[in-house]
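target18.pdb follows (PDB, C-alpha atoms):
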```pdb
MODEL        1
ATOM      1  CA  VAL A   1     -17.823   4.078  16.056  1.00  0.00           C
ATOM      2  CA  GLN A   2     -16.892   7.733  16.261  1.00  0.00           C
ATOM      3  CA  LEU A   3     -14.083   9.087  14.109  1.00  0.00           C
ATOM      4  CA  GLN A   4     -12.457  12.446  14.698  1.00  0.00           C
ATOM      5  CA  ALA A   5      -9.929  13.830  12.252  1.00  0.00           C
ATOM      6  CA  CYS A   6      -7.481  16.556  13.147  1.00  0.00           C
ATOM      7  CA  GLY A   7      -4.208  18.047  11.989  1.00  0.00           C
ATOM      8  CA  GLY A   8      -5.428  20.195   9.139  1.00  0.00           C
ATOM      9  CA  GLY A   9      -4.358  23.774   8.654  1.00  0.00           C
ATOM     10  CA  LEU A  10      -2.873  26.324   6.307  1.00  0.00           C
ATOM     11  CA  VAL A  11       0.420  25.461   4.623  1.00  0.00           C
ATOM     12  CA  GLN A  12       2.408  26.805   1.710  1.00  0.00           C
ATOM     13  CA  ALA A  13       2.803  24.812  -1.464  1.00  0.00           C
ATOM     14  CA  GLY A  14       5.582  22.283  -1.070  1.00  0.00           C
ATOM     15  CA  GLY A  15       4.957  21.945   2.642  1.00  0.00           C
ATOM     16  CA  SER A  16       3.788  19.006   4.722  1.00  0.00           C
ATOM     17  CA  LEU A  17       0.966  18.149   7.099  1.00  0.00           C
ATOM     18  CA  ARG A  18       0.107  15.053   9.074  1.00  0.00           C
ATOM     19  CA  LEU A  19      -3.542  14.264   9.618  1.00  0.00           C
ATOM     20  CA  SER A  20      -4.699  11.998  12.425  1.00  0.00           C
ATOM     21  CA  CYS A  21      -8.015  10.253  12.928  1.00  0.00           C
ATOM     22  CA  ALA A  22      -8.859   8.919  16.364  1.00  0.00           C
ATOM     23  CA  ALA A  23     -11.483   6.200  16.665  1.00  0.00           C
ATOM     24  CA  SER A  24     -13.634   5.641  19.720  1.00  0.00           C
ATOM     25  CA  GLY A  25     -16.697   3.714  20.749  1.00  0.00           C
ATOM     26  CA  ARG A  26     -15.597   0.416  19.282  1.00  0.00           C
ATOM     27  CA  SER A  27     -12.330  -1.083  18.173  1.00  0.00           C
ATOM     28  CA  VAL A  28     -11.526  -0.487  14.505  1.00  0.00           C
ATOM     29  CA  SER A  29      -8.458  -2.706  14.533  1.00  0.00           C
ATOM     30  CA  SER A  30     -10.191  -5.229  12.255  1.00  0.00           C
ATOM     31  CA  TYR A  31     -11.625  -2.624   9.875  1.00  0.00           C
ATOM     32  CA  ALA A  32     -10.218  -1.232   6.666  1.00  0.00           C
ATOM     33  CA  MET A  33      -9.886   2.534   6.859  1.00  0.00           C
ATOM     34  CA  SER A  34      -9.507   5.304   4.361  1.00  0.00           C
ATOM     35  CA  TRP A  35      -9.212   9.017   3.715  1.00  0.00           C
ATOM     36  CA  PHE A  36     -11.427  11.053   1.412  1.00  0.00           C
ATOM     37  CA  ARG A  37     -11.451  14.731   0.559  1.00  0.00           C
ATOM     38  CA  GLN A  38     -13.948  17.248  -0.731  1.00  0.00           C
ATOM     39  CA  ALA A  39     -12.872  20.449  -2.429  1.00  0.00           C
ATOM     40  CA  PRO A  40     -15.222  23.442  -2.643  1.00  0.00           C
ATOM     41  CA  GLY A  41     -17.925  22.843  -5.213  1.00  0.00           C
ATOM     42  CA  LYS A  42     -16.803  19.291  -5.905  1.00  0.00           C
ATOM     43  CA  GLU A  43     -17.871  15.823  -4.880  1.00  0.00           C
ATOM     44  CA  ARG A  44     -16.130  13.923  -2.122  1.00  0.00           C
ATOM     45  CA  MET A  45     -13.334  11.830  -3.579  1.00  0.00           C
ATOM     46  CA  PHE A  46     -11.228   8.890  -2.463  1.00  0.00           C
ATOM     47  CA  VAL A  47      -7.633   9.644  -1.408  1.00  0.00           C
ATOM     48  CA  ALA A  48      -6.103   6.567   0.240  1.00  0.00           C
ATOM     49  CA  ALA A  49      -7.052   3.287   1.902  1.00  0.00           C
ATOM     50  CA  ILE A  50      -5.390   0.798   4.226  1.00  0.00           C
ATOM     51  CA  ASP A  51      -6.371  -2.692   5.256  1.00  0.00           C
ATOM     52  CA  TRP A  52      -6.847  -3.809   8.839  1.00  0.00           C
ATOM     53  CA  SER A  53      -3.224  -4.813   9.390  1.00  0.00           C
ATOM     54  CA  GLY A  54      -1.571  -1.994   7.488  1.00  0.00           C
ATOM     55  CA  GLY A  55      -0.108  -4.507   5.096  1.00  0.00           C
ATOM     56  CA  SER A  56      -1.946  -3.234   2.041  1.00  0.00           C
ATOM     57  CA  THR A  57      -2.498   0.336   0.921  1.00  0.00           C
ATOM     58  CA  TYR A  58      -3.968   2.021  -2.122  1.00  0.00           C
ATOM     59  CA  TYR A  59      -3.749   5.610  -3.337  1.00  0.00           C
ATOM     60  CA  GLU A  60      -5.523   7.847  -5.764  1.00  0.00           C
ATOM     61  CA  ASP A  61      -3.148   8.611  -8.621  1.00  0.00           C
ATOM     62  CA  SER A  62      -2.687  12.309  -7.883  1.00  0.00           C
ATOM     63  CA  VAL A  63      -1.366  11.660  -4.361  1.00  0.00           C
ATOM     64  CA  LYS A  64       0.843   8.661  -5.031  1.00  0.00           C
ATOM     65  CA  ASP A  65       4.445   9.232  -3.945  1.00  0.00           C
ATOM     66  CA  ARG A  66       3.371  12.298  -1.935  1.00  0.00           C
ATOM     67  CA  PHE A  67       0.916  10.949   0.652  1.00  0.00           C
ATOM     68  CA  THR A  68       1.344   8.006   3.001  1.00  0.00           C
ATOM     69  CA  ILE A  69      -1.501   6.335   4.881  1.00  0.00           C
ATOM     70  CA  SER A  70      -0.711   4.387   8.037  1.00  0.00           C
ATOM     71  CA  ARG A  71      -2.375   3.193  11.214  1.00  0.00           C
ATOM     72  CA  ASP A  72      -1.577   2.344  14.808  1.00  0.00           C
ATOM     73  CA  ASN A  73      -4.146  -0.187  15.980  1.00  0.00           C
ATOM     74  CA  ALA A  74      -2.884  -0.037  19.550  1.00  0.00           C
ATOM     75  CA  LYS A  75      -3.817   3.652  19.578  1.00  0.00           C
ATOM     76  CA  SER A  76      -6.925   3.270  17.389  1.00  0.00           C
ATOM     77  CA  THR A  77      -5.527   5.991  15.180  1.00  0.00           C
ATOM     78  CA  LEU A  78      -5.279   6.440  11.435  1.00  0.00           C
ATOM     79  CA  TYR A  79      -2.756   8.812   9.847  1.00  0.00           C
ATOM     80  CA  LEU A  80      -2.199  10.570   6.558  1.00  0.00           C
ATOM     81  CA  GLN A  81       1.244  12.051   6.003  1.00  0.00           C
ATOM     82  CA  MET A  82       1.014  14.620   3.217  1.00  0.00           C
ATOM     83  CA  ASN A  83       4.214  15.904   1.621  1.00  0.00           C
ATOM     84  CA  SER A  84       4.884  18.175  -1.342  1.00  0.00           C
ATOM     85  CA  LEU A  85       1.452  19.703  -0.947  1.00  0.00           C
ATOM     86  CA  LYS A  86      -0.107  21.524  -3.885  1.00  0.00           C
ATOM     87  CA  PRO A  87      -2.897  24.117  -4.018  1.00  0.00           C
ATOM     88  CA  GLU A  88      -5.126  21.509  -5.628  1.00  0.00           C
ATOM     89  CA  ASP A  89      -4.871  19.435  -2.430  1.00  0.00           C
ATOM     90  CA  THR A  90      -6.975  22.089  -0.696  1.00  0.00           C
ATOM     91  CA  ALA A  91     -10.079  20.375   0.654  1.00  0.00           C
ATOM     92  CA  VAL A  92     -11.856  19.108   3.718  1.00  0.00           C
ATOM     93  CA  TYR A  93     -10.361  15.725   4.557  1.00  0.00           C
ATOM     94  CA  TYR A  94     -12.467  12.947   6.052  1.00  0.00           C
ATOM     95  CA  CYS A  95     -11.473   9.652   7.594  1.00  0.00           C
ATOM     96  CA  ALA A  96     -13.716   6.643   7.198  1.00  0.00           C
ATOM     97  CA  ALA A  97     -14.046   3.044   8.296  1.00  0.00           C
ATOM     98  CA  GLU A  98     -15.383   0.027   6.465  1.00  0.00           C
ATOM     99  CA  VAL A  99     -16.575  -3.001   8.424  1.00  0.00           C
ATOM    100  CA  SER A 100     -14.299  -5.338   6.550  1.00  0.00           C
ATOM    101  CA  LYS A 101     -10.673  -6.286   6.948  1.00  0.00           C
ATOM    102  CA  TYR A 102      -9.954  -5.246   3.370  1.00  0.00           C
ATOM    103  CA  TYR A 103     -11.017  -2.136   1.462  1.00  0.00           C
ATOM    104  CA  SER A 104     -13.507  -2.708  -1.291  1.00  0.00           C
ATOM    105  CA  SER A 105     -13.667  -1.526  -4.868  1.00  0.00           C
ATOM    106  CA  SER A 106     -16.693   0.542  -3.890  1.00  0.00           C
ATOM    107  CA  THR A 107     -14.540   2.438  -1.412  1.00  0.00           C
ATOM    108  CA  LEU A 108     -11.884   3.083  -4.021  1.00  0.00           C
ATOM    109  CA  ARG A 109     -14.521   4.386  -6.412  1.00  0.00           C
ATOM    110  CA  GLY A 110     -15.943   6.893  -3.985  1.00  0.00           C
ATOM    111  CA  GLY A 111     -16.971   5.467  -0.676  1.00  0.00           C
ATOM    112  CA  GLY A 112     -20.012   3.375  -1.398  1.00  0.00           C
ATOM    113  CA  ALA A 113     -19.055   0.717   1.126  1.00  0.00           C
ATOM    114  CA  ILE A 114     -18.114   3.036   3.978  1.00  0.00           C
ATOM    115  CA  ASP A 115     -19.902   2.339   7.236  1.00  0.00           C
ATOM    116  CA  TYR A 116     -18.570   5.164   9.402  1.00  0.00           C
ATOM    117  CA  TRP A 117     -17.545   8.688   8.454  1.00  0.00           C
ATOM    118  CA  GLY A 118     -15.646  11.113  10.613  1.00  0.00           C
ATOM    119  CA  LYS A 119     -15.991  14.849  10.761  1.00  0.00           C
ATOM    120  CA  GLY A 120     -13.604  16.553   8.424  1.00  0.00           C
ATOM    121  CA  THR A 121     -10.536  18.671   8.911  1.00  0.00           C
ATOM    122  CA  GLN A 122      -9.728  21.562   6.593  1.00  0.00           C
ATOM    123  CA  VAL A 123      -6.481  21.572   4.642  1.00  0.00           C
ATOM    124  CA  THR A 124      -5.598  24.755   2.761  1.00  0.00           C
ATOM    125  CA  VAL A 125      -2.519  24.962   0.569  1.00  0.00           C
ATOM    126  CA  SER A 126      -1.484  28.411  -0.565  1.00  0.00           C
ATOM    127  CA  SER A 127       0.492  29.024  -3.743  1.00  0.00           C
TER     128      SER A 127
ENDMDL
END
```
Have the structure of the file written as structure tokens, please.
Amino acid sequence: VQLQACGGGLVQAGGSLRLSCAASGRSVSSYAMSWFRQAPGKERMFVAAIDWSGGSTYYEDSVKDRFTISRDNAKSTLYLQMNSLKPEDTAVYYCAAEVSKYYSSSTLRGGGAIDYWGKGTQVTVSS
């Protein structure tokens, strides 16, 4: 499975961005997927996860009510809609896939159960 994230960029605080992650090589329609981010000098951290059907989602506390994870299995694409962006959201964002229909506690804690990582896309939020 190859994952390619795109949609990052420079935005002012309060603005919005929509990240996309296209999967290729194998269908990910039965896999849980997630977004992580890594800020400069910090460890990679969990942001949001979605189960294989899109029926269940989970968010890190700091992005709840601002970010929305979704997927289109017909297009093999994962999305992250980011609204009300803050400077502290500045990071490289990575999409990831877990060979399981449902995301695991290991994923929510930092990605220990992730099987496939995509290349990141930079998001920079200016104040």
Checklist entry - What does the distance from CA of Ser56 in chain A to CA of Arg44 in chain A come to in Å, to one decimal? => result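 So the answer is 22.6 Å.
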What are the centre and the three edge lengths of an axis-aligned box that wraps all atoms of range 77-85 of chain A in the file, given that 5 Å is added to every side, written as AutoDock Vina command-line options and rounded to one decimal in Å?
```
--center_x -0.3 --center_y 12.8 --center_z 6.9 --size_x 20.4 --size_y 23.7 --size_z 26.5
```
Item to check | Exercise: Tyr94 in chain A partners within 8 Å, all atoms listed in the file, chain neighbours under 2 positions left out, as a PyMOL selection string | outcome: chain A and resi 5+35-37+92+96+117-121
Next on the checklist: Going by the chain IDs and residue numbers used in this file, which residues fall under the PyMOL selection byres ((chain A and resi 81) around 9)? Write them as a list in words.
Outcome noted: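 Applying the PyMOL selection byres ((chain A and resi 81) around 9) to the structure shown produces Ser16, Leu17, Arg18, Leu19, Ser20, Arg66, Phe67, Thr68, Ile69, Ser70, Tyr79, Leu80, Met82 and Asn83 of chain A.
Distance-wise, CA of Thr90 in chain A and CA of Glu60 in chain A end up 15.2 Å apart.
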Item to check | Top pick for closest residue to Asp61 in chain A, considering A:Ala97, A:Leu10, A:Leu108, A:Ala113 and counting all atoms listed in the file | outcome: A:Leu108
Next on the checklist: So that I can check the surroundings of Asp51 in chain A, please list as a ChimeraX atom specification every protein, DNA and RNA residue that reaches within 8 Å of it, counting all atoms listed in the file and ignoring chain neighbours fewer than 3 positions away.
Outcome noted: /A:31-33,54-57,101-103
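Minimum distance to Glu88 in chain A across A:Val47, A:Val1, A:Ser127, A:Gly9 (counting only C-alpha atoms) occurs at A:Ser127.
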Checklist entry - What do you get, as a ChimeraX atom specification, if you spell out every residue that the PyMOL selection byres ((chain A and resi 73) around 10) selects here? => result /A:23,27-31,52-54,70-72,74-78
Checklist outcome for this item: The residue from A:Gln122, A:Lys64, A:Gln4, A:Gly15 with the smallest atom-to-atom distance to Tyr93 in chain A, counting all atoms listed in the file, is A:Gln122
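When only C-alpha atoms are used to measure the gap to Ala49 in chain A, the shortest distance among A:Ser24, A:Glu98, A:Val123, A:Cys6 belongs to A:Glu98.
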Checklist entry - Which residue, A:Thr124, A:Ser84, A:Ser34, A:Ser62, has the smallest gap to Ser104 in chain A when you use only C-alpha atoms? => result A:Ser34
